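Input: a single structure, listed below in structure tokens.
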Amino acid sequence: MGEVLIIPAAGAGSRLGGDVPKLLAEVGGRPMIDWTLDLHRERVERVIVVIHPSAEALVRAHLGDSVEIAFQRERTGMLDAILAPAASLDPETLSGVWVTWCDQVAMTKATVDAVDAAAQAQPEAAVAIATLRRKQPYIHIERDSEGAISHVRHAREGDTMPSEGESDMGLFRLSAAGYLHWLPEFAEHVTAAAGTGERNFLPFLAWLRGRAKTVSVSGHHDIEALGVNTPDDRRRIEEYWARD
């Protein structure tokens, strides 16, 4: 089985307008999922897209048999979406699990390569991630005096956010143990966040402190961390691509 890519994509994409599931909304003239698959295809042996059942017909019509599909029947949060395919993965052959959001269409190969290199250099790490320093962050990663992730703040959960902070980039590579052992153990204890009522994935990075190692690399450009959630997000990425 080797490396597997999981793409949580159960969002409806209502803020983008249109009448297709979020992963099929277009950026730069192509559905978002196509950009994501192009970036990761050569790195993994399996791709599993996690969708809501209501999107199945449209997703299968577009992707055919090129990916596997898992379902998140209730939109309970990214943690549950990421774990949805767990039962289908063979612990004897799994070497690692990549996770990326379907809307990270501006991610570059250089950043993915850097995460891959960090994971290969430190195979004992449960998770390798890419982060960036950003103004007005939507997510802020706090670290202790030794550089370990100690807390993750979420703007959408009502947390107090700094004017500048360290944000994740929606790209993670979990070791087999990270995905099959540590993440399910975290899921057994985590509760829904008060603001959204969802079970978030990112607090897992802080929960790992003292249990398993997390390694981080720096992304290459702020635009890579921009998820496409609104027409303005789409416009910003398309304008950036036009200048490049």
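Ordered as shown in the structure tokens, chains take letters A, B, and onward, while each chain numbers its residues from 1 and ligands are numbered from 1 in the order shown.
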Residues near Trp35 (chain A), cut-off 12 Å, only C-alpha atoms, skip fewer than 5 positions along chain, as a compact mmCIF listing (two decimals) with C-alpha atoms, in the first residue's frame:
```
# COMPACT_ATOMS: atom_id res chain seq x y z
CA LEU A 23 -14.18 20.00 -4.36
CA LEU A 24 -15.68 20.49 -7.84
CA ALA A 25 -15.84 24.28 -7.64
CA GLU A 26 -13.48 25.77 -10.20
CA VAL A 27 -10.34 27.83 -9.62
CA GLY A 28 -8.36 28.91 -12.63
CA GLY A 29 -10.79 27.10 -14.91
CA ARG A 30 -10.43 23.67 -13.26
CA HIS A 40 0.20 14.51 -5.19
CA ARG A 41 -0.46 11.71 -7.68
CA THR A 100 -4.54 17.82 2.62
CA TRP A 101 -7.66 19.91 2.33
CA CYS A 102 -9.28 19.92 -1.11
CA ASP A 103 -9.11 23.72 -1.31
CA GLN A 104 -5.32 24.14 -0.91
CA VAL A 105 -4.92 24.63 -4.64
CA ALA A 106 -1.94 27.00 -4.45
CA MET A 107 0.28 24.53 -2.59
CA THR A 108 3.63 24.08 -4.36
CA LYS A 109 5.64 20.96 -5.07
```
- prompt: When DSSP works through the backbone of this structure, what residues of region 95-238 of chain A end up as alpha helix (DSSP H), shown as a PyMOL selection string?
  reply: chain A and resi 109-121+176-177+183-189+203-207+231-238
Resulting file, chosen residues, C-alpha atoms, as a PDB file, in the first residue's frame:
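Result went into result-v1.pdb, see below:
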```pdb
ATOM      1  CA  LYS A 109       5.638  20.958  -5.070  1.00  0.00           C
ATOM      2  CA  ALA A 110       8.574  22.553  -3.235  1.00  0.00           C
ATOM      3  CA  THR A 111       6.614  22.645   0.016  1.00  0.00           C
ATOM      4  CA  VAL A 112       5.309  19.101  -0.400  1.00  0.00           C
ATOM      5  CA  ASP A 113       8.870  17.961  -1.122  1.00  0.00           C
ATOM      6  CA  ALA A 114      10.087  19.673   2.048  1.00  0.00           C
ATOM      7  CA  VAL A 115       7.461  17.924   4.190  1.00  0.00           C
ATOM      8  CA  ASP A 116       8.339  14.610   2.557  1.00  0.00           C
ATOM      9  CA  ALA A 117      12.056  15.117   3.199  1.00  0.00           C
ATOM     10  CA  ALA A 118      11.422  15.988   6.858  1.00  0.00           C
ATOM     11  CA  ALA A 119       9.270  12.881   7.326  1.00  0.00           C
ATOM     12  CA  GLN A 120      11.867  10.628   5.707  1.00  0.00           C
ATOM     13  CA  ALA A 121      14.713  12.168   7.721  1.00  0.00           C
ATOM     14  CA  ALA A 176       1.606   4.725   9.942  1.00  0.00           C
ATOM     15  CA  ALA A 177       1.706   4.847  13.748  1.00  0.00           C
ATOM     16  CA  LEU A 183      -4.805   9.733  15.938  1.00  0.00           C
ATOM     17  CA  PRO A 184      -7.486   7.188  16.995  1.00  0.00           C
ATOM     18  CA  GLU A 185      -6.278   7.469  20.599  1.00  0.00           C
ATOM     19  CA  PHE A 186      -6.657  11.243  20.407  1.00  0.00           C
ATOM     20  CA  ALA A 187     -10.115  10.805  18.862  1.00  0.00           C
ATOM     21  CA  GLU A 188     -11.246   8.704  21.810  1.00  0.00           C
ATOM     22  CA  HIS A 189     -10.807  11.648  24.155  1.00  0.00           C
ATOM     23  CA  PRO A 203      -5.464  20.094  18.395  1.00  0.00           C
ATOM     24  CA  PHE A 204      -3.975  16.651  17.731  1.00  0.00           C
ATOM     25  CA  LEU A 205      -0.646  18.385  17.067  1.00  0.00           C
ATOM     26  CA  ALA A 206      -0.572  19.800  20.606  1.00  0.00           C
ATOM     27  CA  TRP A 207      -1.953  16.590  22.152  1.00  0.00           C
ATOM     28  CA  PRO A 231     -15.091  34.077  -4.274  1.00  0.00           C
ATOM     29  CA  ASP A 232     -12.515  36.535  -2.924  1.00  0.00           C
ATOM     30  CA  ASP A 233     -10.150  33.669  -2.023  1.00  0.00           C
ATOM     31  CA  ARG A 234     -10.532  32.323  -5.556  1.00  0.00           C
ATOM     32  CA  ARG A 235      -9.842  35.751  -7.041  1.00  0.00           C
ATOM     33  CA  ARG A 236      -6.686  36.214  -4.959  1.00  0.00           C
ATOM     34  CA  ILE A 237      -5.229  32.898  -6.108  1.00  0.00           C
ATOM     35  CA  GLU A 238      -6.129  33.438  -9.747  1.00  0.00           C
TER      36      GLU A 238
END
```
task: May I ask which of the residues A:Leu202, A:Leu171, A:Leu180, A:Ala125 is the closest one to His154 (chain A), counting only C-alpha atoms?
output: A:Leu202
field: Separation of CA of Phe71 (chain A) from CA of Glu56 (chain A), in Å and rounded to one decimal
entry: 8.9 Å
Counting only C-alpha atoms, the residue of A:Pro137, A:Ala9, A:Asp168, A:Asp19 that sits nearest Ser218 (chain A): A:Asp168
task: Would you work out the distance separating CA of Glu224 (chain A) from CA of Val44 (chain A), expressed in Å to one decimal?
output: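 These two atoms are separated by 20.5 Å.
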query: Got a sec to tell me which of region 77-138 of chain A DSSP assigns to strand (DSSP E or B), as a PyMOL selection string?
result: chain A and resi 94-100+127-135
- prompt: Using only C-alpha atoms, which of A:Val59, A:Ala155, A:Val4, A:Met169 sits nearest Leu89 (chain A)?
  reply: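 So, comparing all the options, the nearest one is A:Val4.
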message: Rounded to one decimal, what separation in Å do you get between CA of Thr230 (chain A) and CA of Gly17 (chain A)?
response: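 So the answer is 8.2 Å.
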query: Which residue, A:Pro162, A:Gly11, A:Pro91, A:Gly227, has the smallest gap to His181 (chain A) when you use only C-alpha atoms?
result: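 Residue with the minimum atom-to-atom distance to His181 (chain A): A:Pro91.
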Who sits within 6 Å of Leu132 (chain A), only C-alpha atoms, same chain under 3 positions skipped, as a list in words: Glu166, Ser167, Ser218 and Gly219 of chain A
So that I have them on file, write out the residues from the current selection with C-alpha atoms, as a PDB file, in the first residue's frame.
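Contents of out-v2.pdb, as written:
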```
ATOM      1  CA  GLU A 166       2.291  30.639  12.910  1.00  0.00           C
ATOM      2  CA  SER A 167      -0.323  28.895  10.797  1.00  0.00           C
ATOM      3  CA  SER A 218       8.431  26.329   6.481  1.00  0.00           C
ATOM      4  CA  GLY A 219       6.279  26.865   3.423  1.00  0.00           C
TER       5      GLY A 219
END
```
- line: If you count only C-alpha atoms, the residue of A:Ile139, A:Gly147, A:Ala55, A:Thr214 closest to Gly165 (chain A) turns out to be A:Ile139
statement: Residue with the minimum atom-to-atom distance to Glu3 (chain A), picked from A:Gly178, A:Gly96, A:Gly77, A:Gly195 with only C-alpha atoms counted, is A:Gly96
